[in-house]
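Presented below is the structure to which this report refers.
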Amino acid sequence: MTDHQRNEAADLRQPDDAEVPAPRSGLRNPQAAVRGLGAGTLILEAIVLLLAIQPIRIFSGHVSGWAVAAVITLAVLAIVLAGLMSRPWAWVAGAVLQALLITCGLLHWSLAVIGIIFAGAWAYAAYIRKTILG
């Protein structure tokens, strides 16, 4: 083997695993991807909450004012929190939002159902976050 062939073979070799750490994902910017996942989940939740106002108002009877106020407040909180996903405490605040929504099930049962569904979606988003970011 000539010197030229040895140099070519050395160039084709892969670096050792100790030299270059393997990325956890194939994403170019995993932080931004995870923030987008959390923000998208919260925006979707806000849309569903706002669409739930009319059925709650029609079917709930005497507590409709409180239930509608709670839905609007939670939807606004979800939108604001979606904009703050770059903060380190935002994921915990999102979990608290899900707990508040489930607690609002005391005002109307449909809020508890929506809360359970989105708590599951939030838990899955947190799992994806942990998988991507480590």
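Each chain in the structure tokens gets a letter, A, B and so on, in the order shown; residues start at 1 in every chain, and ligands are counted from 1 in the order they appear.
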
Exercise. Using only C-alpha atoms, which residues sit within 10 Å of range 108-115 of chain A once same-chain residues fewer than 5 positions away are excluded, as a list in words?
Worked result: Glu45, Val48, Leu49, Ala52, Pro55, Ile56, Arg57, Phe59, Ser60, Gly61, Val63, Ser64, Trp66, Ala67, Val68, Ala70, Val71, Leu97, Gln98, Ala99, Leu100, Leu101, Ile102, Thr103, Gly120 and Ala121 of chain A

Since we have the selection now, will you write its residues out, keeping C-alpha atoms, as a short mmCIF file (atom, residue, chain, number, x, y, z; two decimals), in the first residue's frame?
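After the write, again00.cif holds the following:
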data_model
loop_
_atom_site.label_atom_id
_atom_site.label_comp_id
_atom_site.auth_asym_id
_atom_site.auth_seq_id
_atom_site.Cartn_x
_atom_site.Cartn_y
_atom_site.Cartn_z
CA GLU A 45 -55.94 23.76 23.75
CA VAL A 48 -60.71 23.96 21.82
CA LEU A 49 -61.55 25.86 25.01
CA ALA A 52 -66.40 24.90 24.02
CA PRO A 55 -72.06 24.27 24.34
CA ILE A 56 -71.21 24.99 27.98
CA ARG A 57 -73.36 28.12 27.92
CA PHE A 59 -76.19 23.08 28.53
CA SER A 60 -74.89 24.15 31.92
CA GLY A 61 -77.80 26.10 33.35
CA VAL A 63 -73.39 28.14 36.50
CA SER A 64 -72.78 29.15 32.91
CA TRP A 66 -68.63 31.10 36.03
CA ALA A 67 -67.86 28.31 33.61
CA VAL A 68 -67.58 30.69 30.65
CA ALA A 70 -63.13 30.10 33.63
CA VAL A 71 -62.88 28.92 30.02
CA LEU A 97 -52.77 24.80 33.62
CA GLN A 98 -53.88 21.24 32.89
CA ALA A 99 -54.61 20.67 36.61
CA LEU A 100 -56.62 23.91 36.74
CA LEU A 101 -58.65 22.83 33.73
CA ILE A 102 -59.44 19.47 35.31
CA THR A 103 -60.42 21.27 38.52
CA GLY A 120 -52.61 13.42 28.32
CA ALA A 121 -51.43 15.48 25.34
#

Exercise. What lies within 8 Å of range 81-84 of chain A using only C-alpha atoms, ignoring chain neighbours under 3 positions off, as a ChimeraX atom specification?
Worked result: /A:38-40,42-43,77-78,87,90,93-94

Exercise. To one decimal place, how far is CA of Gln31 in chain A from CA of Ala119 in chain A in Å?
Worked result: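 These atoms are spaced 21.7 Å apart.
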
For this session: Have a look at A:Pro30, A:Ala75, A:Lys130, A:Ser86 and name the one nearest to Ile47 in chain A; count only C-alpha atoms.
Result: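 Among the listed residues, A:Ala75 lies closest to Ile47 in chain A.
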
Problem set entry | Residue list (alpha helix (DSSP H), DSSP) for chain A, as a count of residues only | 98

For this session: Work out how far apart CA of Val34 in chain A and CA of Val92 in chain A are and give it in Å to one decimal.
Result: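 Separation of CA of Val34 in chain A and CA of Val92 in chain A: 14.2 Å.
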
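Among the candidate residues A:Leu133, A:Ile128, A:Leu107, A:Ile79, the one lying nearest to Leu44 in chain A is A:Ile79, with distances computed using only C-alpha atoms.
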